[in-house]
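Visitor: Got coords-v2.txt for you, compact mmCIF, C-alpha atoms:
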# COMPACT_ATOMS: atom_id res chain seq x y z
CA GLY A 1 -221.24 38.94 168.50
CA ALA A 2 -217.85 39.60 169.99
CA VAL A 3 -217.71 41.52 173.25
CA VAL A 4 -214.97 43.84 174.45
CA SER A 5 -214.97 44.69 178.13
CA GLN A 6 -213.39 47.90 179.35
CA HIS A 7 -212.61 48.85 182.93
CA PRO A 8 -213.04 51.16 184.73
CA SER A 9 -216.00 52.96 183.21
CA TRP A 10 -214.98 56.17 184.89
CA VAL A 11 -212.07 57.40 186.96
CA ILE A 12 -211.08 60.63 188.64
CA CYS A 13 -207.44 61.19 189.41
CA LYS A 14 -205.22 63.96 190.65
CA SER A 15 -202.94 65.83 188.32
CA GLY A 16 -199.53 64.15 188.13
CA THR A 17 -200.72 60.65 188.94
CA SER A 18 -201.05 57.70 186.57
CA VAL A 19 -204.16 55.81 185.57
CA LYS A 20 -204.46 52.37 184.00
CA ILE A 21 -207.36 51.36 181.76
CA GLU A 22 -207.98 47.72 180.87
CA CYS A 23 -209.50 46.34 177.71
CA ARG A 24 -210.41 42.65 177.48
CA SER A 25 -211.74 40.62 174.62
CA LEU A 26 -214.31 38.15 175.91
CA ASP A 27 -214.65 34.74 174.26
CA PHE A 28 -212.22 35.58 171.48
CA GLN A 29 -208.56 36.33 171.02
CA ALA A 30 -207.44 39.71 169.78
CA THR A 31 -203.86 39.97 168.57
CA THR A 32 -204.56 43.59 167.78
CA MET A 33 -206.54 46.13 169.76
CA PHE A 34 -207.09 49.79 169.11
CA TRP A 35 -207.22 52.73 171.51
CA TYR A 36 -209.29 55.80 170.68
CA ARG A 37 -209.88 59.09 172.41
CA GLN A 38 -213.03 61.15 172.16
CA PHE A 39 -213.34 64.71 173.38
CA PRO A 40 -216.79 66.19 174.10
CA LYS A 41 -218.86 66.83 170.99
CA GLN A 42 -216.10 65.35 168.83
CA SER A 43 -215.62 62.08 167.07
CA LEU A 44 -213.24 59.24 167.84
CA MET A 45 -209.57 59.69 167.07
CA LEU A 46 -207.26 56.71 166.94
CA MET A 47 -204.41 57.02 169.40
CA ALA A 48 -202.55 53.78 168.94
CA THR A 49 -202.68 50.21 167.75
CA SER A 50 -201.84 47.63 170.39
CA ASN A 51 -200.11 44.47 169.17
CA GLU A 52 -199.84 41.35 171.29
CA GLY A 53 -196.23 40.55 172.05
CA SER A 54 -194.77 43.60 170.35
CA LYS A 55 -194.63 47.36 170.62
CA ALA A 56 -197.67 49.48 170.04
CA THR A 57 -197.92 51.70 167.01
CA TYR A 58 -198.79 55.30 167.87
CA GLU A 59 -200.55 57.81 165.66
CA GLN A 60 -198.82 61.04 164.81
CA GLY A 61 -198.92 63.50 167.66
CA VAL A 62 -199.58 60.94 170.38
CA GLU A 63 -196.84 60.77 173.01
CA LYS A 64 -195.82 57.16 173.49
CA ASP A 65 -194.11 57.92 176.80
CA LYS A 66 -197.27 59.45 178.15
CA PHE A 67 -199.71 56.86 176.92
CA LEU A 68 -198.15 53.50 177.71
CA ILE A 69 -199.73 50.51 176.03
CA ASN A 70 -199.17 46.92 177.04
CA HIS A 71 -200.67 43.96 175.22
CA ALA A 72 -199.36 41.09 177.29
CA SER A 73 -201.89 38.46 176.31
CA LEU A 74 -204.28 37.66 173.49
CA THR A 75 -207.23 38.96 175.49
CA LEU A 76 -205.89 41.94 177.40
CA SER A 77 -204.53 45.32 176.44
CA THR A 78 -203.90 48.13 178.91
CA LEU A 79 -203.50 51.86 178.43
CA THR A 80 -201.70 53.77 181.17
CA VAL A 81 -201.95 57.53 181.18
CA THR A 82 -198.83 58.66 182.98
CA SER A 83 -198.43 61.94 184.82
CA ALA A 84 -201.97 62.88 183.90
CA HIS A 85 -202.94 66.50 183.44
CA PRO A 86 -206.36 68.12 183.10
CA GLU A 87 -205.98 68.28 179.32
CA ASP A 88 -205.85 64.47 179.30
CA SER A 89 -209.42 64.39 180.56
CA SER A 90 -211.36 62.60 177.87
CA PHE A 91 -213.33 59.50 176.94
CA TYR A 92 -211.00 56.61 176.11
CA ILE A 93 -212.37 53.67 174.12
CA CYS A 94 -210.77 50.45 172.97
CA SER A 95 -211.79 48.16 170.14
CA ALA A 96 -210.94 44.90 168.46
CA ARG A 97 -211.92 43.19 165.24
CA ASP A 98 -214.87 40.86 165.59
CA PRO A 99 -213.61 37.49 164.35
CA GLY A 100 -217.16 36.67 163.32
CA GLY A 101 -217.06 39.36 160.65
CA GLY A 102 -219.14 41.91 162.52
CA GLY A 103 -216.79 44.80 162.02
CA TYR A 104 -214.91 46.32 164.90
CA THR A 105 -216.32 45.91 168.38
CA PHE A 106 -215.86 48.71 170.88
CA GLY A 107 -215.65 48.69 174.64
CA SER A 108 -218.01 50.77 176.74
CA GLY A 109 -215.38 53.46 177.23
CA THR A 110 -213.63 55.04 180.20
CA ARG A 111 -214.35 58.59 181.26
CA LEU A 112 -211.13 60.03 182.68
CA THR A 113 -211.27 63.24 184.66
CA VAL A 114 -208.01 64.74 185.89
CA VAL A 115 -208.39 67.30 188.66
CA GLU B 1 -205.55 62.77 152.91
CA ASP B 2 -208.28 60.33 153.89
CA GLN B 3 -211.37 62.15 155.08
CA VAL B 4 -214.89 61.39 156.25
CA THR B 5 -217.63 64.03 156.45
CA GLN B 6 -221.08 63.46 157.87
CA SER B 7 -224.15 65.58 157.43
CA PRO B 8 -226.21 66.96 158.92
CA GLU B 9 -224.51 67.50 162.28
CA ALA B 10 -227.85 67.28 164.03
CA LEU B 11 -231.27 66.10 162.96
CA ARG B 12 -234.59 66.38 164.71
CA LEU B 13 -237.44 64.19 163.53
CA GLN B 14 -240.94 63.48 164.64
CA GLU B 15 -241.69 59.87 165.40
CA GLY B 16 -242.53 58.16 162.13
CA GLU B 17 -240.83 60.80 159.98
CA SER B 18 -238.33 59.00 157.75
CA SER B 19 -235.03 60.59 156.74
CA SER B 20 -231.46 59.89 155.67
CA LEU B 21 -228.02 60.60 157.10
CA ASN B 22 -225.11 61.20 154.75
CA CYS B 23 -221.49 60.11 154.98
CA SER B 24 -219.13 61.39 152.29
CA TYR B 25 -215.65 59.97 152.11
CA THR B 26 -212.37 60.53 150.32
CA VAL B 27 -209.97 57.66 150.83
CA SER B 28 -207.18 55.93 149.02
CA GLY B 29 -208.51 52.45 148.59
CA LEU B 30 -211.68 51.79 150.55
CA ARG B 31 -211.50 48.52 152.45
CA GLY B 32 -214.74 48.96 154.32
CA LEU B 33 -217.28 51.54 155.49
CA PHE B 34 -218.81 51.13 158.92
CA TRP B 35 -221.85 52.59 160.61
CA TYR B 36 -222.10 52.78 164.38
CA ARG B 37 -224.61 54.06 166.87
CA GLN B 38 -223.32 55.79 169.98
CA ASP B 39 -225.39 56.63 173.01
CA PRO B 40 -224.15 59.31 175.45
CA GLY B 41 -221.32 58.08 177.65
CA LYS B 42 -221.04 54.73 175.89
CA GLY B 43 -218.87 53.13 173.27
CA PRO B 44 -220.02 52.84 169.66
CA GLU B 45 -222.36 49.97 168.85
CA PHE B 46 -221.79 48.25 165.52
CA LEU B 47 -224.56 48.52 162.93
CA PHE B 48 -223.27 47.74 159.45
CA THR B 49 -220.23 47.13 157.29
CA LEU B 50 -220.31 47.88 153.57
CA TYR B 51 -217.50 46.91 151.24
CA SER B 52 -218.39 47.83 147.68
CA ALA B 53 -220.48 50.32 145.74
CA GLY B 54 -224.05 49.18 145.30
CA GLU B 55 -224.08 47.17 148.48
CA GLU B 56 -227.03 47.58 150.85
CA LYS B 57 -227.73 46.25 154.32
CA GLU B 58 -230.80 46.46 156.52
CA LYS B 59 -231.57 46.03 160.18
CA GLU B 60 -235.00 46.83 161.54
CA ARG B 61 -235.70 50.48 160.68
CA LEU B 62 -232.20 51.14 159.36
CA LYS B 63 -230.84 50.65 155.88
CA ALA B 64 -227.32 51.50 154.78
CA THR B 65 -226.26 52.03 151.19
CA LEU B 66 -222.90 52.70 149.57
CA THR B 67 -221.68 54.44 146.42
CA LYS B 68 -218.14 55.21 145.35
CA LYS B 69 -218.16 58.52 147.18
CA GLU B 70 -220.76 58.34 149.92
CA SER B 71 -222.96 56.24 152.10
CA PHE B 72 -226.46 56.84 153.36
CA LEU B 73 -228.13 55.59 156.48
CA HIS B 74 -231.86 55.60 155.87
CA ILE B 75 -234.12 55.60 158.90
CA THR B 76 -237.67 54.53 158.21
CA ALA B 77 -240.45 55.50 160.62
CA PRO B 78 -238.05 56.24 163.47
CA LYS B 79 -238.97 55.84 167.11
CA PRO B 80 -237.73 57.85 170.12
CA GLU B 81 -235.40 54.99 171.02
CA ASP B 82 -233.54 55.59 167.76
CA SER B 83 -232.27 58.85 169.22
CA ALA B 84 -228.46 58.65 169.34
CA THR B 85 -225.35 59.81 167.53
CA TYR B 86 -224.67 57.87 164.35
CA LEU B 87 -221.05 57.54 163.35
CA CYS B 88 -219.62 56.63 159.99
CA ALA B 89 -216.07 55.30 159.69
CA VAL B 90 -213.88 54.04 156.87
CA GLN B 91 -211.01 51.64 156.75
CA ALA B 92 -208.62 52.56 153.99
CA GLY B 93 -205.25 51.75 152.53
CA SER B 94 -203.30 48.59 152.08
CA GLY B 95 -202.27 46.06 154.64
CA ASN B 96 -204.23 44.98 157.66
CA THR B 97 -203.85 48.01 159.89
CA GLY B 98 -207.44 48.02 161.05
CA LYS B 99 -207.33 51.79 161.44
CA LEU B 100 -210.73 53.44 161.24
CA ILE B 101 -211.23 57.07 160.31
CA PHE B 102 -214.40 58.46 161.82
CA GLY B 103 -216.67 61.25 160.74
CA GLN B 104 -217.96 63.80 163.22
CA GLY B 105 -221.27 62.03 163.58
CA THR B 106 -224.92 62.98 163.20
CA THR B 107 -226.88 63.43 166.40
CA LEU B 108 -230.43 62.27 165.84
CA GLN B 109 -233.31 63.24 168.10
CA VAL B 110 -236.67 61.61 167.52
CA LYS B 111 -239.57 63.24 169.29
CA PRO B 112 -242.71 61.30 170.21
Represent the supplied structure as structure tokens.

Guide:
Amino acid sequence: GAVVSQHPSWVICKSGTSVKIECRSLDFQATTMFWYRQFPKQSLMLMATSNEGSKATYEQGVEKDKFLINHASLTLSTLTVTSAHPEDSSFYICSARDPGGGGYTFGSGTRLTVV
Amino acid sequence: EDQVTQSPEALRLQEGESSSLNCSYTVSGLRGLFWYRQDPGKGPEFLFTLYSAGEEKEKERLKATLTKKESFLHITAPKPEDSATYLCAVQAGSGNTGKLIFGQGTTLQVKP
């Protein structure tokens, strides 16, 4: 099935700095990718939909200036957490639709810890 | 408002003890119901997609079923390696948004 690669798998950053997370679709093109956030003991919440060549669509309550999304190619979407604060510490996961009909494939996730 | 509720929150089984996980949903126009398995610290792993009431899908010890209001994930003779959190998600509405709404998950522990 389709594979989505996410990098890094974990990152620790200082409060006030920015962190970039990459999400790549391997062996298939993804015009749309999705970014989720998962807090401990909670389920996944969609943050935004990343569209290749156009602006991302953000869910209600998600600050677009804080969570910058860039989808510059058909295989790469990036999420940049700007001016990170401890409350941004979470598990960030990206996904894309499996063109083979296998549902939505998820990356392995990125554990962000802001200290 | 579209909503997905899973029960129970946690389930402990002995190896070989079959059981079912429930996913109840309220959505405006179901376009697909998805089951995922998530291990700690990892992204969800796709299991099944169901599209219409009456549909069933199987994979090894797992079987997913769908009605107009809920889905069940049946686990037959589970093994310790089946221990994980099982997530249910729905895709609803018109258009091709691809947005999934997830339930809270059921954490399954299978003891040897």

Visitor: For segment 70-88 of chain A, I'd like the enclosing box, axis-aligned and padded by 5 Å on every side, reported as lines of an AutoDock Vina configuration file with centre and edge lengths in Å to one decimal.

Guide:
center_x = -202.8
center_y = 53.0
center_z = 179.2
size_x = 18.8
size_y = 40.6
size_z = 21.3

Visitor: Just need the residues of chain B within 7 Å of chain A, counting only C-alpha atoms, so spit them out as a ChimeraX atom specification.

Guide: /B:42-46,49,102-105

Visitor: Residues near Gly16 of chain B, anyone? I mean within 12 Å using all atoms listed in the file, not counting same-chain ones fewer than 3 positions away, as a PyMOL selection string.

Guide: chain B and resi 12-13+19+61+75-82+110-112

Visitor: May I ask for the distance between atom CA of Thr26 of chain B and atom CA of Ala30 of chain A, given in Å to one decimal place?

Guide: 28.9 Å

Visitor: Expressed in Å to a single decimal, how great is the separation between atom CA of Asp88 of chain A and atom CA of Thr113 of chain A?

Guide: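 Between atom CA of Asp88 of chain A and atom CA of Thr113 of chain A the gap works out to 7.7 Å.
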
Visitor: Near Val114 of chain A, counting all atoms listed in the file, which residues have an atom at most 12 Å away, once you skip same-chain residues fewer than 2 positions from it, shown as a list in words?

Guide: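 Within the cut-off, the hits are Trp10, Val11, Ile12, Cys13, Lys14, Ser15, Gly16, Thr17, Ser18, Val19, Val81, Thr82, Ser83, Ala84, His85, Pro86, Glu87, Asp88, Ser89, Ser90, Phe91, Arg111 and Leu112 of chain A.
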
Visitor: Please, what distance in Å, to one decimal, runs between atom CA of Arg31 of chain B and atom CA of Gly98 of chain B?

Guide: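 If I compute the distance from atom CA of Arg31 of chain B to atom CA of Gly98 of chain B, I get 9.5 Å.
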
Visitor: Nearest to Phe48 of chain B: which of B:Ala84, B:Leu11, B:Leu100, B:Ala64 is it, counting only C-alpha atoms?

Guide: B:Ala64

Visitor: Find the residue from B:Glu56, B:Gln3, B:Glu17, B:Gly41 that sits nearest to Ser71 of chain B; use all atoms listed in the file when measuring.

Guide: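 Between B:Glu56, B:Gln3, B:Glu17, B:Gly41, the residue approaching Ser71 of chain B most closely is B:Glu56.
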
Visitor: Rank B:Ser20, B:Tyr25, B:Phe72, B:Phe34 by their smallest atom-to-atom distance to Ala89 of chain B, using all atoms listed in the file, and report the top residue only.

Guide: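 Distance minimum relative to Ala89 of chain B lands on B:Phe34.
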
Visitor: I'd like to know which of A:His7, A:Gln29, A:Glu52, A:Thr80 is closest to Asp65 of chain A, using all atoms listed in the file.

Guide: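 Of the candidates, the smallest distance to Asp65 of chain A is held by A:Thr80.
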
Visitor: Counting only C-alpha atoms, which residue out of B:Tyr51, B:Asn22, B:Lys99, B:Leu30 sits closest to Ala10 of chain B?

Guide: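 For Ala10 of chain B, the nearest of the candidates is B:Asn22.
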
Visitor: Give as a ChimeraX atom specification every residue, naming chains and numbers as the document does, that has an atom within 12 Å of (-198.7, 48.2, 170.8), counting only C-alpha atoms.

Guide: /A:31-35,47-59,64,67-73,76-79
